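Enquirer: Okay, so here is protein.pdb, and as you'll see once you scroll down, it has PDB, C-alpha atoms.
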```pdb
ATOM      1  CA  CYS A   1      -4.620  12.879  10.519  1.00  0.00           C
ATOM      2  CA  GLU A   2      -2.233  15.480  11.976  1.00  0.00           C
ATOM      3  CA  GLU A   3       0.204  15.244   9.077  1.00  0.00           C
ATOM      4  CA  LEU A   4      -2.650  15.481   6.573  1.00  0.00           C
ATOM      5  CA  GLU A   5      -3.923  18.618   8.281  1.00  0.00           C
ATOM      6  CA  GLU A   6      -0.448  20.153   8.364  1.00  0.00           C
ATOM      7  CA  ILE A   7       0.077  19.605   4.632  1.00  0.00           C
ATOM      8  CA  ASP A   8      -3.445  20.810   3.884  1.00  0.00           C
ATOM      9  CA  ARG A   9      -2.759  24.082   5.767  1.00  0.00           C
ATOM     10  CA  GLU A  10       0.370  24.589   3.649  1.00  0.00           C
ATOM     11  CA  SER A  11      -1.409  23.733   0.398  1.00  0.00           C
ATOM     12  CA  ASN A  12      -5.058  24.720   0.405  1.00  0.00           C
ATOM     13  CA  SER A  13      -7.520  27.391   1.330  1.00  0.00           C
ATOM     14  CA  PRO A  14      -9.967  26.896   2.823  1.00  0.00           C
ATOM     15  CA  VAL A  15      -8.443  24.013   4.783  1.00  0.00           C
ATOM     16  CA  TRP A  16     -10.322  20.902   5.743  1.00  0.00           C
ATOM     17  CA  PRO A  17     -11.133  20.506   9.446  1.00  0.00           C
ATOM     18  CA  ALA A  18      -9.763  17.431  11.198  1.00  0.00           C
ATOM     19  CA  SER A  19     -13.277  15.974  11.373  1.00  0.00           C
ATOM     20  CA  LEU A  20     -13.539  15.967   7.578  1.00  0.00           C
ATOM     21  CA  PHE A  21     -10.281  14.066   7.168  1.00  0.00           C
ATOM     22  CA  ALA A  22     -11.419  11.599   9.847  1.00  0.00           C
ATOM     23  CA  ARG A  23     -14.744  11.005   8.067  1.00  0.00           C
ATOM     24  CA  GLU A  24     -12.955  10.221   4.824  1.00  0.00           C
ATOM     25  CA  PHE A  25     -11.460   7.139   6.464  1.00  0.00           C
ATOM     26  CA  GLU A  26     -14.994   5.887   7.203  1.00  0.00           C
ATOM     27  CA  HIS A  27     -16.524   6.074   3.710  1.00  0.00           C
ATOM     28  CA  GLY A  28     -16.368   3.014   1.499  1.00  0.00           C
ATOM     29  CA  TYR A  29     -15.987   5.163  -1.605  1.00  0.00           C
ATOM     30  CA  SER A  30     -13.132   7.275  -0.191  1.00  0.00           C
ATOM     31  CA  ARG A  31      -9.543   6.566  -1.070  1.00  0.00           C
ATOM     32  CA  ILE A  32      -6.715   8.263   0.764  1.00  0.00           C
ATOM     33  CA  TYR A  33      -3.197   8.100  -0.661  1.00  0.00           C
ATOM     34  CA  GLY A  34       0.076   9.351   0.715  1.00  0.00           C
ATOM     35  CA  ALA A  35       3.600   9.806  -0.566  1.00  0.00           C
ATOM     36  CA  ARG A  36       6.578   9.589   1.766  1.00  0.00           C
ATOM     37  CA  MET A  37       9.992  11.129   1.297  1.00  0.00           C
ATOM     38  CA  ARG A  38      12.839  10.607   3.749  1.00  0.00           C
ATOM     39  CA  GLY A  39      10.407   8.979   6.180  1.00  0.00           C
ATOM     40  CA  ARG A  40       7.958  11.908   6.264  1.00  0.00           C
ATOM     41  CA  LEU A  41       4.575  12.257   4.668  1.00  0.00           C
ATOM     42  CA  ALA A  42       5.359  14.484   1.686  1.00  0.00           C
ATOM     43  CA  GLY A  43       1.929  14.664   0.116  1.00  0.00           C
ATOM     44  CA  PHE A  44      -1.590  13.272   0.087  1.00  0.00           C
ATOM     45  CA  LEU A  45      -4.522  12.823  -2.238  1.00  0.00           C
ATOM     46  CA  VAL A  46      -8.130  12.108  -1.275  1.00  0.00           C
ATOM     47  CA  CYS A  47     -10.582  10.951  -3.909  1.00  0.00           C
ATOM     48  CA  HIS A  48     -14.022   9.428  -4.121  1.00  0.00           C
ATOM     49  CA  ALA A  49     -14.474   6.527  -6.527  1.00  0.00           C
ATOM     50  CA  VAL A  50     -17.930   5.299  -7.505  1.00  0.00           C
ATOM     51  CA  MET A  51     -18.379   2.809 -10.325  1.00  0.00           C
ATOM     52  CA  ASP A  52     -16.374   4.105 -13.312  1.00  0.00           C
ATOM     53  CA  GLU A  53     -15.846   7.664 -12.082  1.00  0.00           C
ATOM     54  CA  ALA A  54     -13.608   9.257  -9.477  1.00  0.00           C
ATOM     55  CA  HIS A  55     -13.393  12.781  -8.140  1.00  0.00           C
ATOM     56  CA  ILE A  56     -10.258  14.205  -6.559  1.00  0.00           C
ATOM     57  CA  MET A  57     -11.472  15.910  -3.406  1.00  0.00           C
ATOM     58  CA  ASN A  58      -8.234  17.182  -1.892  1.00  0.00           C
ATOM     59  CA  PHE A  59      -4.559  17.130  -2.785  1.00  0.00           C
ATOM     60  CA  GLY A  60      -1.491  18.708  -1.242  1.00  0.00           C
ATOM     61  CA  VAL A  61       2.272  18.488  -1.056  1.00  0.00           C
ATOM     62  CA  ARG A  62       4.395  19.666   1.844  1.00  0.00           C
ATOM     63  CA  ARG A  63       5.854  23.081   0.952  1.00  0.00           C
ATOM     64  CA  ALA A  64       9.459  22.005   1.601  1.00  0.00           C
ATOM     65  CA  MET A  65       9.065  19.025  -0.742  1.00  0.00           C
ATOM     66  CA  ARG A  66       7.499  20.756  -3.737  1.00  0.00           C
ATOM     67  CA  ARG A  67       9.121  20.937  -7.164  1.00  0.00           C
ATOM     68  CA  GLN A  68      10.678  17.484  -6.654  1.00  0.00           C
ATOM     69  CA  GLY A  69       8.102  15.464  -8.594  1.00  0.00           C
ATOM     70  CA  VAL A  70       6.246  14.229  -5.507  1.00  0.00           C
ATOM     71  CA  GLY A  71       2.857  15.585  -6.577  1.00  0.00           C
ATOM     72  CA  ARG A  72       3.173  14.364 -10.171  1.00  0.00           C
ATOM     73  CA  GLU A  73       4.233  10.875  -9.099  1.00  0.00           C
ATOM     74  CA  LEU A  74       1.504  10.654  -6.473  1.00  0.00           C
ATOM     75  CA  ILE A  75      -1.215  11.673  -8.927  1.00  0.00           C
ATOM     76  CA  ALA A  76       0.132   9.368 -11.652  1.00  0.00           C
ATOM     77  CA  HIS A  77       0.215   6.446  -9.202  1.00  0.00           C
ATOM     78  CA  VAL A  78      -3.376   7.141  -8.131  1.00  0.00           C
ATOM     79  CA  LEU A  79      -4.561   7.440 -11.741  1.00  0.00           C
ATOM     80  CA  ASP A  80      -2.891   4.137 -12.661  1.00  0.00           C
ATOM     81  CA  GLU A  81      -4.503   2.416  -9.672  1.00  0.00           C
ATOM     82  CA  LEU A  82      -7.933   3.879 -10.411  1.00  0.00           C
ATOM     83  CA  PHE A  83      -7.675   2.676 -14.010  1.00  0.00           C
ATOM     84  CA  ARG A  84      -6.739  -0.851 -12.878  1.00  0.00           C
ATOM     85  CA  ASP A  85      -9.812  -0.774 -10.621  1.00  0.00           C
ATOM     86  CA  GLY A  86     -12.137   0.040 -13.527  1.00  0.00           C
ATOM     87  CA  VAL A  87     -12.425   3.808 -13.220  1.00  0.00           C
ATOM     88  CA  ARG A  88     -12.753   5.504 -16.608  1.00  0.00           C
ATOM     89  CA  PHE A  89     -13.057   9.234 -15.804  1.00  0.00           C
ATOM     90  CA  VAL A  90     -11.528  11.451 -13.130  1.00  0.00           C
ATOM     91  CA  THR A  91     -12.668  14.985 -12.324  1.00  0.00           C
ATOM     92  CA  LEU A  92     -11.475  17.742 -10.000  1.00  0.00           C
ATOM     93  CA  GLU A  93     -11.840  21.448  -9.310  1.00  0.00           C
ATOM     94  CA  VAL A  94      -8.938  23.872  -9.252  1.00  0.00           C
ATOM     95  CA  ARG A  95      -8.765  27.611  -8.628  1.00  0.00           C
ATOM     96  CA  ARG A  96      -8.734  29.578 -11.864  1.00  0.00           C
ATOM     97  CA  SER A  97      -5.669  31.477 -10.565  1.00  0.00           C
ATOM     98  CA  ASN A  98      -3.621  28.371  -9.612  1.00  0.00           C
ATOM     99  CA  GLN A  99      -1.347  28.302 -12.638  1.00  0.00           C
ATOM    100  CA  ILE A 100       1.130  25.852 -11.093  1.00  0.00           C
ATOM    101  CA  ALA A 101      -1.602  23.262 -10.499  1.00  0.00           C
ATOM    102  CA  LEU A 102      -3.147  23.923 -13.911  1.00  0.00           C
ATOM    103  CA  ARG A 103       0.198  23.252 -15.623  1.00  0.00           C
ATOM    104  CA  LEU A 104       0.549  19.993 -13.678  1.00  0.00           C
ATOM    105  CA  TYR A 105      -2.963  18.834 -14.552  1.00  0.00           C
ATOM    106  CA  ASP A 106      -2.564  19.896 -18.192  1.00  0.00           C
ATOM    107  CA  SER A 107       0.672  17.895 -18.432  1.00  0.00           C
ATOM    108  CA  LEU A 108      -1.171  14.805 -17.185  1.00  0.00           C
ATOM    109  CA  GLY A 109      -3.886  15.195 -19.830  1.00  0.00           C
ATOM    110  CA  PHE A 110      -6.711  16.792 -17.856  1.00  0.00           C
ATOM    111  CA  VAL A 111      -8.951  19.010 -19.980  1.00  0.00           C
ATOM    112  CA  ARG A 112     -11.212  21.867 -18.957  1.00  0.00           C
ATOM    113  CA  ALA A 113     -14.807  20.704 -18.651  1.00  0.00           C
ATOM    114  CA  GLY A 114     -16.488  23.734 -17.101  1.00  0.00           C
ATOM    115  CA  VAL A 115     -16.464  26.565 -14.591  1.00  0.00           C
ATOM    116  CA  ARG A 116     -17.988  26.675 -11.130  1.00  0.00           C
ATOM    117  CA  GLU A 117     -18.547  30.352 -10.519  1.00  0.00           C
ATOM    118  CA  ARG A 118     -17.691  31.724  -7.072  1.00  0.00           C
ATOM    119  CA  TYR A 119     -16.922  28.184  -5.910  1.00  0.00           C
ATOM    120  CA  TYR A 120     -14.363  28.878  -3.176  1.00  0.00           C
ATOM    121  CA  SER A 121     -15.819  30.083   0.112  1.00  0.00           C
ATOM    122  CA  ASP A 122     -12.764  32.076   1.237  1.00  0.00           C
ATOM    123  CA  ASN A 123     -12.711  34.561  -1.641  1.00  0.00           C
ATOM    124  CA  ARG A 124     -15.505  33.498  -4.030  1.00  0.00           C
ATOM    125  CA  GLU A 125     -12.979  32.648  -6.743  1.00  0.00           C
ATOM    126  CA  ASP A 126     -14.161  30.569  -9.678  1.00  0.00           C
ATOM    127  CA  ALA A 127     -13.089  26.952  -9.980  1.00  0.00           C
ATOM    128  CA  LEU A 128     -12.255  25.288 -13.247  1.00  0.00           C
ATOM    129  CA  THR A 129     -13.626  21.766 -13.497  1.00  0.00           C
ATOM    130  CA  LEU A 130     -11.124  19.430 -15.126  1.00  0.00           C
ATOM    131  CA  ARG A 131     -11.729  15.942 -16.506  1.00  0.00           C
ATOM    132  CA  LEU A 132      -9.415  13.121 -17.507  1.00  0.00           C
ATOM    133  CA  ASP A 133     -10.196  10.051 -19.585  1.00  0.00           C
ATOM    134  CA  LEU A 134      -8.074   7.320 -18.013  1.00  0.00           C
ATOM    135  CA  PHE A 135      -8.036   5.270 -21.249  1.00  0.00           C
ATOM    136  CA  GLU A 136      -6.262   8.193 -22.933  1.00  0.00           C
ATOM    137  CA  PHE A 137      -3.995   8.790 -19.923  1.00  0.00           C
ATOM    138  CA  THR A 138      -2.941   5.129 -19.812  1.00  0.00           C
ATOM    139  CA  ALA A 139      -2.381   4.944 -23.581  1.00  0.00           C
ATOM    140  CA  HIS A 140      -0.246   8.093 -23.472  1.00  0.00           C
ATOM    141  CA  ARG A 141       1.803   6.788 -20.508  1.00  0.00           C
ATOM    142  CA  SER A 142       2.441   3.435 -22.190  1.00  0.00           C
ATOM    143  CA  GLN A 143       3.783   5.259 -25.267  1.00  0.00           C
ATOM    144  CA  GLN A 144       6.229   7.160 -23.040  1.00  0.00           C
ATOM    145  CA  LEU A 145       7.679   3.992 -21.481  1.00  0.00           C
TER     146      LEU A 145
END
```
Take the structure I supplied and represent it as structure tokens, if you would.
Expert:
Amino acid sequence: CEELEEIDRESNSPVWPASLFAREFEHGYSRIYGARMRGRLAGFLVCHAVMDEAHIMNFGVRRAMRRQGVGRELIAHVLDELFRDGVRFVTLEVRRSNQIALRLYDSLGFVRAGVRERYYSDNREDALTLRLDLFEFTAHRSQQL
């Protein structure tokens, strides 16, 4: 959990406490993914999957390893795996001001589904709720190959 916490501190605000990461490993619906680069954990993604829906709970990439495709490849891998496991829709929240993340999610096919006003506890910033249809994502990816 230490590496997850370290990356989370570099990537997110507010950060998850160690106890929250630890609990994620106990839930049957939680999935925790990691990407390694040069032997180090470069990024992580935590999602909850229930029946045909999944929700990305937390995602981060080590600051020194950003802009190298790690985040995109990690998310794409997770989306492919979720689709193979029968998940149809994926949702997440992202800060309205996080243009870098919004460009990444837009490029993967996520669409805006709503706004959660004053969602973030650190500064009361709004969150945009994004949604992805994995049938469309998979069809688009297969056309690219």
Enquirer: Taking into account all atoms listed in the file, which residue in the set A:Arg131, A:Arg62, A:Arg118, A:Arg88 is nearest to Asp106 (chain A)?
Expert: A:Arg131
Enquirer: Between A:Ile56, A:Met37, A:Ala49, A:Ala76, single out the one closest to Ser107 (chain A), counting all atoms listed in the file.
Expert: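 Residue with the minimum atom-to-atom distance to Ser107 (chain A): A:Ala76.
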Enquirer: What is the CA of Phe137 (chain A) to CA of Leu41 (chain A) distance in Å?
Expert: 26.3 Å
Enquirer: Check which residues of region 40-138 of chain A sit at most 7 Å from region 26-35 of chain A using only C-alpha atoms, and return one row each with the closest pair of atoms and their distance in Å to one decimal, ordered by chain and rising number, as CSV.
Expert:
```
residue,atom,partner,partner_atom,distance
A:Leu41,CA,A:Ala35,CA,5.9
A:Ala42,CA,A:Ala35,CA,5.5
A:Gly43,CA,A:Ala35,CA,5.2
A:Phe44,CA,A:Gly34,CA,4.3
A:Leu45,CA,A:Tyr33,CA,5.2
A:Val46,CA,A:Ile32,CA,4.6
A:Cys47,CA,A:Arg31,CA,5.3
A:His48,CA,A:Ser30,CA,4.6
A:Ala49,CA,A:Tyr29,CA,5.3
A:Val50,CA,A:Tyr29,CA,6.2
A:Leu74,CA,A:Ala35,CA,6.3
```
Enquirer: Would you compute the distance between CA of Gln68 (chain A) and CA of Glu53 (chain A)? Give it in Å to one decimal.
Expert: 28.8 Å
Enquirer: Which residues fall under the PyMOL selection byres ((chain A and resi 90-97) around 9) in this file, as a PyMOL selection string?
Expert: chain A and resi 49+52-58+79+82+87-89+98-102+110+113+115-116+119-120+125-134
Enquirer: Find the residues near Phe21 (chain A): any atom within 9 Å, counting all atoms listed in the file, skip ones fewer than 6 places away on the same chain, and give them as number ranges by chain.
Expert: A: 1, 4-5, 46
Enquirer: Take the residues from that selection and write them out as an mmCIF file, in the coordinates of the input, keeping C-alpha atoms.
Expert:
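What landed in result_3.cif:
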```cif
data_model
loop_
_atom_site.group_PDB
_atom_site.id
_atom_site.type_symbol
_atom_site.label_atom_id
_atom_site.label_comp_id
_atom_site.auth_asym_id
_atom_site.auth_seq_id
_atom_site.Cartn_x
_atom_site.Cartn_y
_atom_site.Cartn_z
ATOM 1 C CA CYS A 1 -4.620 12.879 10.519
ATOM 2 C CA LEU A 4 -2.650 15.481 6.573
ATOM 3 C CA GLU A 5 -3.923 18.618 8.281
ATOM 4 C CA VAL A 46 -8.130 12.108 -1.275
#
```
Enquirer: For a quick check of understanding, using all atoms listed in the file, which of A:Asp85, A:Asp8, A:Glu24, A:Glu73 has the smallest distance to Phe59 (chain A)?
Expert: A:Asp8
Enquirer: Here is a test: counting all atoms listed in the file, which residue of A:Arg103, A:Arg9, A:Arg112, A:His77 is nearest to Val61 (chain A)?
Expert: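 Nearest to Val61 (chain A): A:Arg9.
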Enquirer: Would you please work out which residue, of A:Val15, A:Ile7, A:Val111, A:Leu20, is nearest to Arg40 (chain A) when using all atoms listed in the file?
Expert: A:Ile7
Enquirer: One number please: CA of Phe83 (chain A) to CA of Thr138 (chain A), in Å, one decimal.
Expert: 7.9 Å
Enquirer: Return the single residue from A:Glu2, A:Asp80, A:Glu10, A:Glu136 that is closest to Arg63 (chain A), with distances computed using only C-alpha atoms.
Expert: A:Glu10
Enquirer: Using 6 Å of padding on each side, determine the axis-aligned box around all atoms of region 73-91 of chain A present in the file and give its centre and edge lengths in Å to one decimal, as lines of an AutoDock Vina configuration file.
Expert:
```
center_x = -4.4
center_y = 7.1
center_z = -11.5
size_x = 29.3
size_y = 27.8
size_z = 22.1
```
